[in-house]
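Asks: Just so it is clear, I am handing over run-v3.txt, which has compact mmCIF, C-alpha atoms and all ligand atoms.
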```
# COMPACT_ATOMS: atom_id res chain seq x y z
CA MET G 1 -87.12 20.54 132.84
CA THR G 2 -85.94 23.93 134.03
CA THR G 3 -82.62 25.62 133.98
CA THR G 4 -81.23 27.91 136.65
CA SER G 5 -81.13 30.78 134.17
CA MET G 6 -84.93 30.87 133.98
CA THR G 7 -86.91 33.41 136.00
CA VAL G 8 -89.71 32.16 138.26
CA LEU G 9 -92.23 33.43 135.70
CA GLU G 10 -90.48 31.63 132.86
CA GLU G 11 -90.45 28.37 134.82
CA VAL G 12 -94.17 28.68 135.55
CA GLN G 13 -94.88 29.46 131.90
CA ALA G 14 -92.77 26.58 130.61
CA ARG G 15 -94.47 24.04 132.90
CA GLU G 16 -97.94 25.27 131.94
CA LEU G 17 -97.05 25.20 128.28
CA ARG G 18 -96.20 21.53 128.61
CA HIS G 19 -99.10 20.39 130.78
CA VAL G 20 -101.98 22.88 130.98
CA LEU G 21 -104.53 22.90 128.18
CA GLN G 22 -103.93 26.10 126.26
CA THR G 23 -107.35 27.74 126.43
CA TYR G 24 -106.23 31.01 128.03
CA ARG G 25 -103.94 33.68 126.65
CA ARG G 26 -102.58 34.70 130.05
CA ASN G 27 -100.92 38.02 130.82
CA PRO G 28 -97.24 37.46 131.65
CA ILE G 29 -97.27 38.02 135.40
CA ASN G 30 -97.12 35.34 138.08
CA LEU G 31 -99.38 36.37 140.97
CA VAL G 32 -98.49 34.84 144.30
CA ARG G 33 -100.05 36.97 147.05
CA GLY G 34 -102.81 39.47 147.69
CA GLN G 35 -103.81 41.93 150.39
CA GLY G 36 -107.08 43.78 150.03
CA VAL G 37 -107.12 45.51 146.65
CA ARG G 38 -103.43 44.78 146.10
CA LEU G 39 -101.87 41.84 144.29
CA PHE G 40 -98.18 40.95 144.27
CA ASP G 41 -96.24 38.97 141.69
CA SER G 42 -93.27 36.66 142.20
CA ASP G 43 -90.90 39.59 141.67
CA GLY G 44 -92.59 41.45 144.52
CA LYS G 45 -94.21 44.01 142.20
CA GLU G 46 -97.50 45.45 143.48
CA TYR G 47 -100.66 45.92 141.41
CA PHE G 48 -103.96 47.58 142.25
CA ASP G 49 -106.59 45.05 141.28
CA LEU G 50 -109.51 46.71 139.50
CA LEU G 51 -110.77 43.35 138.25
CA SER G 52 -110.87 41.17 141.40
CA GLY G 53 -110.51 37.93 139.49
CA ILE G 54 -113.42 38.94 137.20
CA GLY G 55 -115.67 39.99 140.05
CA VAL G 56 -114.97 37.01 142.29
CA ALA G 57 -112.64 38.39 144.99
CA SER G 58 -115.55 40.52 146.12
CA LEU G 59 -114.03 41.42 149.49
CA GLY G 60 -110.52 41.80 148.08
CA HIS G 61 -107.67 39.38 148.63
CA ALA G 62 -106.79 37.59 151.88
CA HIS G 63 -109.79 39.16 153.65
CA PRO G 64 -109.24 38.34 157.35
CA GLY G 65 -112.89 37.41 157.99
CA VAL G 66 -113.06 35.10 154.96
CA ALA G 67 -109.65 33.57 155.75
CA LYS G 68 -110.68 32.87 159.35
CA ALA G 69 -114.08 31.43 158.40
CA ILE G 70 -112.80 29.05 155.73
CA ALA G 71 -109.82 27.97 157.86
CA GLU G 72 -112.19 27.14 160.73
CA GLN G 73 -114.56 25.35 158.39
CA ALA G 74 -111.71 23.39 156.81
CA GLN G 75 -110.76 22.15 160.26
CA THR G 76 -114.36 21.19 161.04
CA LEU G 77 -116.11 19.76 157.95
CA VAL G 78 -115.66 20.65 154.28
CA HIS G 79 -118.00 18.41 152.30
CA THR G 80 -120.69 15.83 152.88
CA SER G 81 -122.62 15.79 149.54
CA ASN G 82 -126.29 16.62 149.16
CA LEU G 83 -127.37 13.25 150.53
CA PHE G 84 -127.40 14.71 154.06
CA PHE G 85 -128.33 17.88 155.90
CA HIS G 86 -125.77 20.35 157.16
CA PRO G 87 -126.42 23.59 159.01
CA LEU G 88 -125.17 26.14 156.46
CA GLN G 89 -127.13 25.75 153.19
CA GLY G 90 -130.39 26.82 154.79
CA GLN G 91 -128.67 29.81 156.38
CA VAL G 92 -127.25 31.02 153.05
CA ALA G 93 -130.60 30.41 151.32
CA GLU G 94 -132.42 32.34 154.08
CA ARG G 95 -130.12 35.33 153.63
CA LEU G 96 -130.45 35.21 149.85
CA ALA G 97 -134.24 35.07 150.22
CA SER G 98 -134.28 38.15 152.41
CA LEU G 99 -132.07 40.06 149.94
CA SER G 100 -133.90 38.98 146.78
CA GLY G 101 -137.48 38.15 147.75
CA MET G 102 -136.96 34.78 146.01
CA PRO G 103 -137.88 32.14 148.58
CA ARG G 104 -135.73 29.18 147.49
CA THR G 105 -132.16 28.47 146.39
CA PHE G 106 -130.52 25.65 144.43
CA PHE G 107 -126.77 25.49 145.04
CA CYS G 108 -124.10 24.69 142.45
CA ASN G 109 -120.49 25.66 141.82
CA SER G 110 -120.23 28.31 139.13
CA GLY G 111 -122.12 30.89 137.13
CA ALA G 112 -122.58 28.66 134.10
CA GLU G 113 -124.02 25.91 136.28
CA ALA G 114 -126.42 28.41 137.82
CA VAL G 115 -127.56 29.43 134.33
CA GLU G 116 -127.95 25.75 133.34
CA ALA G 117 -130.12 25.22 136.41
CA CYS G 118 -132.28 28.24 135.50
CA LEU G 119 -132.76 27.02 131.92
CA LYS G 120 -133.67 23.53 133.12
CA PHE G 121 -136.06 24.84 135.75
CA ALA G 122 -137.79 26.98 133.10
CA ARG G 123 -138.27 23.95 130.85
CA ARG G 124 -139.40 21.88 133.84
CA TYR G 125 -141.97 24.51 134.78
CA TRP G 126 -143.70 24.22 131.39
CA TYR G 127 -143.35 20.44 131.29
CA THR G 128 -145.02 20.14 134.71
CA LYS G 129 -147.81 22.44 133.58
CA GLY G 130 -148.47 20.00 130.76
CA GLU G 131 -147.79 22.55 128.01
CA PRO G 132 -144.09 22.09 127.20
CA ARG G 133 -142.32 25.16 125.81
CA ALA G 134 -138.81 24.82 124.37
CA GLU G 135 -137.94 28.33 123.28
CA PHE G 136 -135.68 30.88 124.97
CA VAL G 137 -135.34 34.55 124.08
CA ALA G 138 -131.90 35.98 124.84
CA LEU G 139 -130.09 39.23 124.07
CA GLU G 140 -127.36 40.17 121.66
CA GLU G 141 -124.06 40.98 123.41
CA SER G 142 -125.08 38.48 126.13
CA PHE G 143 -122.74 36.19 128.01
CA HIS G 144 -124.10 33.40 130.19
CA GLY G 145 -121.25 30.87 130.30
CA ARG G 146 -119.52 28.10 128.34
CA THR G 147 -121.58 24.97 129.02
CA PHE G 148 -123.92 23.88 126.23
CA GLY G 149 -127.11 25.40 127.62
CA ALA G 150 -125.46 28.61 128.80
CA LEU G 151 -123.56 28.87 125.50
CA SER G 152 -126.80 28.42 123.58
CA VAL G 153 -128.14 31.66 125.08
CA THR G 154 -124.80 33.47 124.67
CA SER G 155 -124.71 35.52 121.49
CA ASP G 156 -121.03 35.77 120.56
CA GLU G 157 -120.37 33.68 117.42
CA HIS G 158 -116.73 33.36 118.36
CA TYR G 159 -117.69 31.31 121.45
CA ARG G 160 -120.54 29.44 119.74
CA THR G 161 -119.54 28.39 116.25
CA PRO G 162 -116.95 25.66 117.01
CA PHE G 163 -119.47 23.88 119.23
CA GLU G 164 -122.62 23.98 117.13
CA PRO G 165 -125.26 22.64 117.02
CA LEU G 166 -126.35 24.22 120.28
CA LEU G 167 -129.92 24.38 121.63
CA ALA G 168 -132.01 25.07 118.56
CA ASP G 169 -134.82 27.15 120.00
CA VAL G 170 -133.08 30.38 120.94
CA LYS G 171 -133.96 33.79 119.51
CA PHE G 172 -131.61 36.75 120.04
CA VAL G 173 -132.92 40.30 120.18
CA ALA G 174 -131.04 43.59 120.19
CA VAL G 175 -130.27 45.00 123.64
CA ASN G 176 -132.57 47.81 124.78
CA ASP G 177 -134.85 47.45 121.76
CA PRO G 178 -138.39 47.04 123.19
CA ALA G 179 -139.98 46.51 119.78
CA ALA G 180 -137.57 43.68 118.90
CA LEU G 181 -138.31 42.02 122.23
CA ARG G 182 -142.07 42.30 121.78
CA ALA G 183 -141.76 40.73 118.34
CA ALA G 184 -139.66 37.80 119.56
CA VAL G 185 -141.58 36.72 122.68
CA SER G 186 -144.63 34.54 122.15
CA LYS G 187 -146.65 31.81 123.81
CA LYS G 188 -143.90 29.42 122.68
CA THR G 189 -141.31 31.20 124.84
CA ALA G 190 -140.34 29.19 127.92
CA ALA G 191 -138.24 32.05 129.28
CA ILE G 192 -136.55 35.33 128.49
CA ILE G 193 -132.99 35.40 129.82
CA VAL G 194 -131.21 38.70 130.42
CA GLU G 195 -128.30 40.13 132.37
CA PRO G 196 -129.76 43.24 134.05
CA VAL G 197 -126.32 44.80 133.49
CA GLN G 198 -124.53 43.07 130.65
CA GLY G 199 -120.95 42.40 131.69
CA GLU G 200 -118.82 40.62 129.09
CA GLY G 201 -120.83 42.31 126.34
CA GLY G 202 -119.19 45.60 127.27
CA VAL G 203 -120.94 46.80 130.48
CA ARG G 204 -124.39 47.73 129.19
CA PRO G 205 -127.13 48.34 131.77
CA LEU G 206 -130.63 47.57 130.49
CA THR G 207 -132.79 50.68 130.14
CA PRO G 208 -135.97 51.14 132.21
CA ALA G 209 -138.01 51.16 128.95
CA PHE G 210 -136.55 47.80 127.96
CA ALA G 211 -137.18 46.41 131.44
CA ALA G 212 -140.82 47.54 131.16
CA ALA G 213 -141.09 45.75 127.79
CA ILE G 214 -139.74 42.56 129.39
CA THR G 215 -142.34 42.73 132.17
CA GLU G 216 -145.08 43.37 129.63
CA ALA G 217 -143.99 40.51 127.35
CA CYS G 218 -143.86 38.07 130.29
CA ALA G 219 -147.34 39.15 131.44
CA LYS G 220 -148.78 38.81 127.95
CA THR G 221 -147.34 35.41 127.04
CA GLY G 222 -146.66 33.71 130.39
CA ALA G 223 -142.95 33.48 129.51
CA LEU G 224 -140.76 33.18 132.59
CA LEU G 225 -137.96 35.67 133.24
CA ILE G 226 -134.44 34.51 134.09
CA ALA G 227 -132.24 37.30 135.48
CA ASP G 228 -128.56 36.42 135.21
CA GLU G 229 -126.99 38.33 138.09
CA VAL G 230 -123.74 36.34 138.04
CA GLN G 231 -121.63 39.40 137.26
CA GLY G 232 -123.76 42.43 138.14
CA GLY G 233 -125.52 41.08 141.22
CA LEU G 234 -124.78 40.72 144.93
CA GLY G 235 -124.14 44.35 145.73
CA ARG G 236 -122.07 45.32 142.71
CA THR G 237 -124.52 48.07 141.72
CA GLY G 238 -124.99 49.27 145.32
CA VAL G 239 -128.18 47.25 145.88
CA PRO G 240 -128.47 43.48 146.28
CA PHE G 241 -129.57 42.85 142.65
CA HIS G 242 -129.85 45.11 139.65
CA PHE G 243 -133.18 43.52 138.61
CA GLN G 244 -134.60 45.29 141.68
CA THR G 245 -133.48 48.71 140.45
CA LEU G 246 -135.06 47.97 137.07
CA GLY G 247 -138.32 46.88 138.70
CA LEU G 248 -138.07 43.41 137.13
CA LYS G 249 -139.76 40.41 138.75
CA PRO G 250 -137.71 37.39 137.69
CA HIS G 251 -138.92 33.84 138.26
CA VAL G 252 -135.39 32.47 138.48
CA VAL G 253 -132.06 34.23 139.08
CA SER G 254 -128.54 32.95 138.52
CA LEU G 255 -125.71 33.88 140.88
CA GLY G 256 -122.01 33.10 141.11
CA LYS G 257 -118.77 35.08 141.21
CA ALA G 258 -118.98 37.42 144.25
CA LEU G 259 -121.02 35.01 146.38
CA GLY G 260 -118.09 32.93 147.67
CA ALA G 261 -115.61 35.83 147.91
CA GLY G 262 -113.15 33.59 146.02
CA VAL G 263 -114.45 30.15 146.96
CA PRO G 264 -116.36 28.61 144.01
CA ILE G 265 -120.12 28.64 144.54
CA GLY G 266 -123.09 29.27 142.27
CA ALA G 267 -126.77 29.50 143.04
CA ALA G 268 -130.13 29.66 141.31
CA LEU G 269 -132.81 31.58 143.18
CA ILE G 270 -136.31 30.27 142.52
CA SER G 271 -139.76 31.82 142.90
CA GLU G 272 -142.35 29.75 144.72
CA GLU G 273 -144.36 29.40 141.49
CA VAL G 274 -141.44 27.68 139.74
CA ALA G 275 -140.31 25.80 142.84
CA GLN G 276 -143.71 24.11 143.02
CA THR G 277 -143.07 22.49 139.63
CA ILE G 278 -139.71 20.90 140.56
CA SER G 279 -139.52 17.37 141.94
CA TYR G 280 -136.93 15.32 143.81
CA GLY G 281 -134.18 14.22 141.45
CA ASP G 282 -134.87 16.84 138.77
CA HIS G 283 -131.46 18.43 139.19
CA GLY G 284 -128.44 18.00 141.40
CA SER G 285 -124.77 18.60 142.09
CA THR G 286 -122.23 16.61 144.07
CA TYR G 287 -120.37 19.63 145.43
CA GLY G 288 -123.12 22.25 145.24
CA GLY G 289 -123.51 24.15 148.51
CA ASN G 290 -120.95 22.23 150.52
CA LEU G 291 -119.97 23.50 153.95
CA LEU G 292 -116.78 25.27 152.84
CA ALA G 293 -118.51 27.17 150.04
CA CYS G 294 -121.52 28.03 152.19
CA ARG G 295 -119.31 29.27 155.02
CA ALA G 296 -117.56 31.60 152.58
CA ALA G 297 -120.92 32.76 151.20
CA LEU G 298 -122.28 33.43 154.69
CA THR G 299 -119.21 35.51 155.49
CA PHE G 300 -119.63 37.45 152.26
CA LEU G 301 -123.36 38.07 152.75
CA THR G 302 -122.81 39.20 156.34
CA GLU G 303 -120.14 41.70 155.23
CA LEU G 304 -122.31 42.85 152.34
CA VAL G 305 -125.22 43.80 154.57
CA GLU G 306 -123.97 44.23 158.13
CA GLY G 307 -120.42 45.22 157.24
CA GLY G 308 -121.60 48.19 155.16
CA VAL G 309 -120.16 46.89 151.87
CA MET G 310 -123.21 47.90 149.84
CA ASP G 311 -123.00 51.45 151.21
CA ASN G 312 -119.33 51.45 150.26
CA VAL G 313 -120.25 50.48 146.68
CA LYS G 314 -122.62 53.45 146.47
CA ARG G 315 -120.06 55.87 147.91
CA VAL G 316 -116.97 54.70 146.02
CA GLY G 317 -119.09 54.09 142.90
CA LYS G 318 -119.58 57.87 142.72
CA VAL G 319 -115.81 58.35 142.82
CA PHE G 320 -115.47 55.95 139.89
CA GLU G 321 -118.20 57.72 137.98
CA GLN G 322 -116.59 61.15 138.44
CA ARG G 323 -113.03 60.02 137.85
CA LEU G 324 -113.86 57.91 134.78
CA ASN G 325 -115.81 60.73 133.20
CA ALA G 326 -112.84 63.00 133.91
CA LEU G 327 -110.59 60.44 132.19
CA LYS G 328 -112.88 60.57 129.17
CA GLN G 329 -112.48 64.36 129.07
CA LYS G 330 -108.73 64.05 129.49
CA HIS G 331 -108.29 61.38 126.77
CA PRO G 332 -110.99 62.36 124.25
CA ALA G 333 -109.26 60.72 121.30
CA LEU G 334 -109.14 57.39 123.15
CA VAL G 335 -112.19 57.14 125.44
CA LYS G 336 -115.48 57.22 123.55
CA GLU G 337 -117.97 56.38 126.27
CA VAL G 338 -118.11 55.59 129.98
CA ARG G 339 -120.81 53.08 130.99
CA GLY G 340 -121.73 51.47 134.28
CA LEU G 341 -122.84 52.08 137.83
CA GLY G 342 -121.77 51.16 141.35
CA LEU G 343 -118.58 49.16 140.93
CA ILE G 344 -119.07 47.77 137.42
CA TRP G 345 -117.67 50.09 134.75
CA GLY G 346 -116.65 49.99 131.12
CA LEU G 347 -114.58 52.49 129.18
CA ASP G 348 -115.48 52.10 125.53
CA LEU G 349 -112.43 53.10 123.50
CA THR G 350 -112.06 54.36 119.97
CA LYS G 351 -109.79 51.37 119.31
CA ASP G 352 -109.17 47.81 120.46
CA ALA G 353 -108.70 47.85 124.23
CA ALA G 354 -106.09 45.07 124.16
CA GLY G 355 -103.21 47.54 124.62
CA ILE G 356 -104.59 48.88 127.90
CA VAL G 357 -104.05 45.61 129.76
CA PRO G 358 -100.22 45.49 129.39
CA ALA G 359 -100.04 49.27 129.84
CA GLY G 360 -102.01 48.82 133.08
CA ILE G 361 -99.67 46.07 134.21
CA ALA G 362 -96.66 48.29 133.46
CA ASN G 363 -98.27 51.02 135.59
CA GLY G 364 -99.29 48.67 138.42
CA VAL G 365 -103.04 48.32 137.81
CA ILE G 366 -105.03 45.28 136.67
CA VAL G 367 -107.93 45.81 134.27
CA ASN G 368 -109.48 43.67 131.56
CA ARG G 369 -110.54 44.02 127.95
CA THR G 370 -113.96 42.83 126.92
CA ALA G 371 -116.11 43.21 123.79
CA GLU G 372 -112.93 44.20 121.91
CA THR G 373 -112.99 47.92 122.63
CA VAL G 374 -114.03 48.01 126.28
CA VAL G 375 -111.81 48.32 129.35
CA ARG G 376 -113.79 46.65 132.11
CA LEU G 377 -113.47 47.43 135.81
CA LEU G 378 -114.88 45.13 138.52
CA PRO G 379 -112.98 46.17 141.66
CA PRO G 380 -113.48 44.53 145.05
CA LEU G 381 -116.71 45.81 146.59
CA ASN G 382 -114.87 47.04 149.69
CA ILE G 383 -112.27 49.15 147.82
CA THR G 384 -111.76 52.45 149.67
CA GLU G 385 -111.97 55.90 148.14
CA ALA G 386 -108.21 56.42 148.56
CA GLU G 387 -107.47 53.07 146.90
CA ALA G 388 -109.86 53.87 144.06
CA ASN G 389 -108.11 57.19 143.47
CA GLU G 390 -104.66 55.60 143.44
CA ALA G 391 -105.82 52.80 141.10
CA LEU G 392 -107.45 55.31 138.76
CA ASN G 393 -104.27 57.46 138.72
CA ARG G 394 -102.51 54.36 137.46
CA LEU G 395 -105.22 53.72 134.88
CA ASP G 396 -104.83 57.34 133.76
CA ALA G 397 -101.11 56.68 133.19
CA ALA G 398 -101.95 53.52 131.21
CA LEU G 399 -104.43 55.42 129.02
CA ALA G 400 -101.83 58.12 128.44
CA ALA G 401 -99.27 55.50 127.42
CA VAL G 402 -101.68 53.86 124.95
CA GLY G 403 -102.97 57.19 123.67
CA ALA G 404 -99.41 58.34 123.01
CA ALA G 405 -98.44 55.10 121.28
C1 LIG W 1 -123.49 37.15 133.42
C2 LIG W 1 -122.68 35.89 133.50
N1 LIG W 1 -123.30 34.71 133.54
C3 LIG W 1 -122.62 33.55 133.63
C4 LIG W 1 -121.25 33.54 133.66
C5 LIG W 1 -120.50 32.25 133.74
O1 LIG W 1 -119.94 32.11 135.00
P1 LIG W 1 -118.75 31.06 135.26
O2 LIG W 1 -117.56 31.54 134.52
O3 LIG W 1 -118.59 31.07 136.76
O4 LIG W 1 -119.24 29.75 134.77
C6 LIG W 1 -120.56 34.76 133.61
C7 LIG W 1 -119.09 34.78 133.62
O5 LIG W 1 -118.45 35.75 133.30
C8 LIG W 1 -121.29 35.96 133.53
O6 LIG W 1 -120.68 37.15 133.47
```
For the structure just supplied, provide its representation as structure tokens.
Ligand SMILES: Cc1ncc(COP(=O)(O)O)c(C=O)c1O

Replies:
Amino acid sequence: MTTTSMTVLEEVQARELRHVLQTYRRNPINLVRGQGVRLFDSDGKEYFDLLSGIGVASLGHAHPGVAKAIAEQAQTLVHTSNLFFHPLQGQVAERLASLSGMPRTFFCNSGAEAVEACLKFARRYWYTKGEPRAEFVALEESFHGRTFGALSVTSDEHYRTPFEPLLADVKFVAVNDPAALRAAVSKKTAAIIVEPVQGEGGVRPLTPAFAAAITEACAKTGALLIADEVQGGLGRTGVPFHFQTLGLKPHVVSLGKALGAGVPIGAALISEEVAQTISYGDHGSTYGGNLLACRAALTFLTELVEGGVMDNVKRVGKVFEQRLNALKQKHPALVKEVRGLGLIWGLDLTKDAAGIVPAGIANGVIVNRTAETVVRLLPPLNITEAEANEALNRLDAALAAVGAA
């Protein structure tokens, strides 16, 4: 039931309130259109999108190449299931192999599913070897998704407690604490799971010393390494994967978000050593890697490498670094620390970051709060320098408004 006196936003809100499960506290804007880094709401107001749908709209909104590719694919063949061959899965897997050095891919539909696949493949590896290992070592401040396995290796009590018991054999260690990691990993550890740059936990890149401790612990105990690159991977740090910058050698890698440039797709990359222990029927997905999703992923990967998107991340990433550090200087009472690299950044505030989101919206820029005090930025990977500057001017205004409040 709606009345003519309601705005479009109010109608949308009222319908959702009646029929959509209330798991999200949405911001009160009704987004209807996008163009590159810009989003528009149903009142025609423009926003600079520094979040890109939490890192998913990796080439911005309504990207002409993505739009053309998925329209063509939709008119040709969208889905066949994994009971048959189609031409595109192998092509995406081949490209991912050349970017990562991981020879094989398992396709699914989201980041959490990719993490689930990695956890299962790690258990399967030890089972096949005839020495089953149950235990996982994960990090504090980690986020790996909301399904039971992924949630079991996610540290935040707020997400975990209502759903316990989760997987029993998970040990959490402090981020960037080599001694804690060494103490936790043993010959019972099936795998260590880490985000090379922690995202939801407040944008925390792992340190080289911690990465070295991970490599050492894996070598000493045989534990596998799962790198969760769902948020920080696929060009976001200016290279294909941040594990490469850290010199890590993961056995399995989870991917999602940016890969489909907006079309849902997840993937687990698998080393040959682990792949050899997996058999037909061990894991599967009805939708995983269908033609539509793979066509979007191929378009994204082509842009990433041949379209110069990774070079753009390096170049515009420097603009973010300089401008964000300048914002810290300008708002010293509000901005405590600037963390990140490439196009993943966090501004750690001296207070809860919740107020920045509406202040951003009022000033025409979309950002997100994570880990309570952190303003997180995950702009499209092809954002230009001029767009970055305009968006950061707007963020500056939002910080000023919150600082003054
Ligand atoms: C590092 C990481 N892993 C896994 C996930 C879960 O991905 P999804 O929400 O697509 O299931 C996320 C989502 O934010 C993530 O940041």

Asks: Using all atoms listed in the file, which residues of the polymer chains come no farther than 8 Å from ligand LIG 1 (chain W)? I'd like the answer as a ChimeraX atom specification.

Replies: /G:54,109-115,142-147,150,195,198-200,228-232,254-257,264,266

Asks: Between G:Gln91, G:Gln73, G:Thr128, G:Asn27, which is the closest to Ser279 in chain G once you count all atoms listed in the file?

Replies: G:Thr128

Asks: What does the structure give for the distance between CA of Arg323 in chain G and CA of Leu392 in chain G, in Å to one decimal?

Replies: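 Interatomic distance here is 7.4 Å.
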
Asks: Might you pull out every residue within 12 Å of Cys118 in chain G, with only C-alpha atoms counted and same-chain residues fewer than 3 positions away left off, and present them as a ChimeraX atom specification?

Replies: /G:105-108,111-115,121-125,136,144,149-150,153,190-194,224-229,250-255,266-271,274-275,278,283

Asks: For range 53-58 of chain G, what centre and edge lengths in Å (one decimal) does the axis-aligned box get once 6 Å is added on each side of all its listed atoms, as lines of an AutoDock Vina configuration file?

Replies:
```
center_x = -113.1
center_y = 38.8
center_z = 141.7
size_x = 17.2
size_y = 15.5
size_z = 20.9
```

Asks: Step by step: start from the point (-107.6, 41.9, 151.2) in the file's coordinates, keep every protein, DNA or RNA residue that has an atom no farther than 10 Å from it, count all atoms listed in the file, and write the set as number ranges by chain.

Replies: G: 33-39, 57-67, 380, 382-383

Asks: For Val313 in chain G, list every protein, DNA or RNA residue within 12 Å, evaluated using all atoms listed in the file, and leave out those in the same chain fewer than 6 positions away; present the list as a list in words.

Replies: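 My list of contacting residues is Ser58, Leu59, Leu234, Gly235, Arg236, Thr237, Gly238, Val239, Pro240, Leu304, Val305, Gly307, Val319, Phe320, Glu321, Leu341, Gly342, Leu343, Ile344, Leu378, Pro379, Pro380, Leu381, Asn382, Ile383, Thr384, Glu385 and Ala388 of chain G.
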
Asks: Calculated over all atoms listed in the file, which of the candidates G:Leu291, G:Val335, G:Ala400, G:Ala386 has the smallest distance to Val78 in chain G?

Replies: G:Leu291

Asks: Taking into account only C-alpha atoms, which residue in the set G:Glu157, G:Asp396, G:Glu273, G:Glu337 is nearest to Gly364 in chain G?

Replies: G:Asp396

Asks: Tell me, as a PDB file with C-alpha atoms, in the coordinates of the input, which residues lie within 9 Å of Ala217 in chain G, counting only C-alpha atoms; anything in the same chain fewer than 5 positions away does not count.

Replies:
```
ATOM      1  CA  LEU G 181    -138.310  42.020 122.230  1.00  0.00           C
ATOM      2  CA  ARG G 182    -142.070  42.300 121.780  1.00  0.00           C
ATOM      3  CA  VAL G 185    -141.580  36.720 122.680  1.00  0.00           C
ATOM      4  CA  SER G 186    -144.630  34.540 122.150  1.00  0.00           C
ATOM      5  CA  ALA G 212    -140.820  47.540 131.160  1.00  0.00           C
ATOM      6  CA  GLY G 222    -146.660  33.710 130.390  1.00  0.00           C
ATOM      7  CA  ALA G 223    -142.950  33.480 129.510  1.00  0.00           C
TER       8      ALA G 223
END
```

Asks: May I ask for the distance between CA of Trp126 in chain G and CA of Leu151 in chain G, given in Å to one decimal place?

Replies: 21.5 Å

Asks: Quick one, how far is CA of Pro208 in chain G from CA of Leu248 in chain G?

Replies: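 It comes out at 9.4 Å.
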
Asks: Using all atoms listed in the file, find the one residue out of G:Leu292, G:Ala297, G:Leu399, G:Ala353 that sits nearest to Val365 in chain G.

Replies: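 Selected residue with least distance to Val365 in chain G: G:Leu399.
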
Asks: Pick out the closest residue to Thr302 in chain G from this set: G:Leu119, G:Ala71, G:Met102, G:Leu96. Count all atoms listed in the file.

Replies: G:Leu96

Asks: Smallest atom-to-atom distance to Thr350 in chain G: which of G:Ala397, G:Lys330, G:Arg295, G:Thr373, using all atoms listed in the file?

Replies: G:Thr373

Asks: Would you kindly identify which residues have an atom no farther than 6 Å from (-124.6, 37.7, 123.0), using only C-alpha atoms and the file's own coordinates, and write them out as a ChimeraX atom specification?

Replies: /G:139-143,154-156
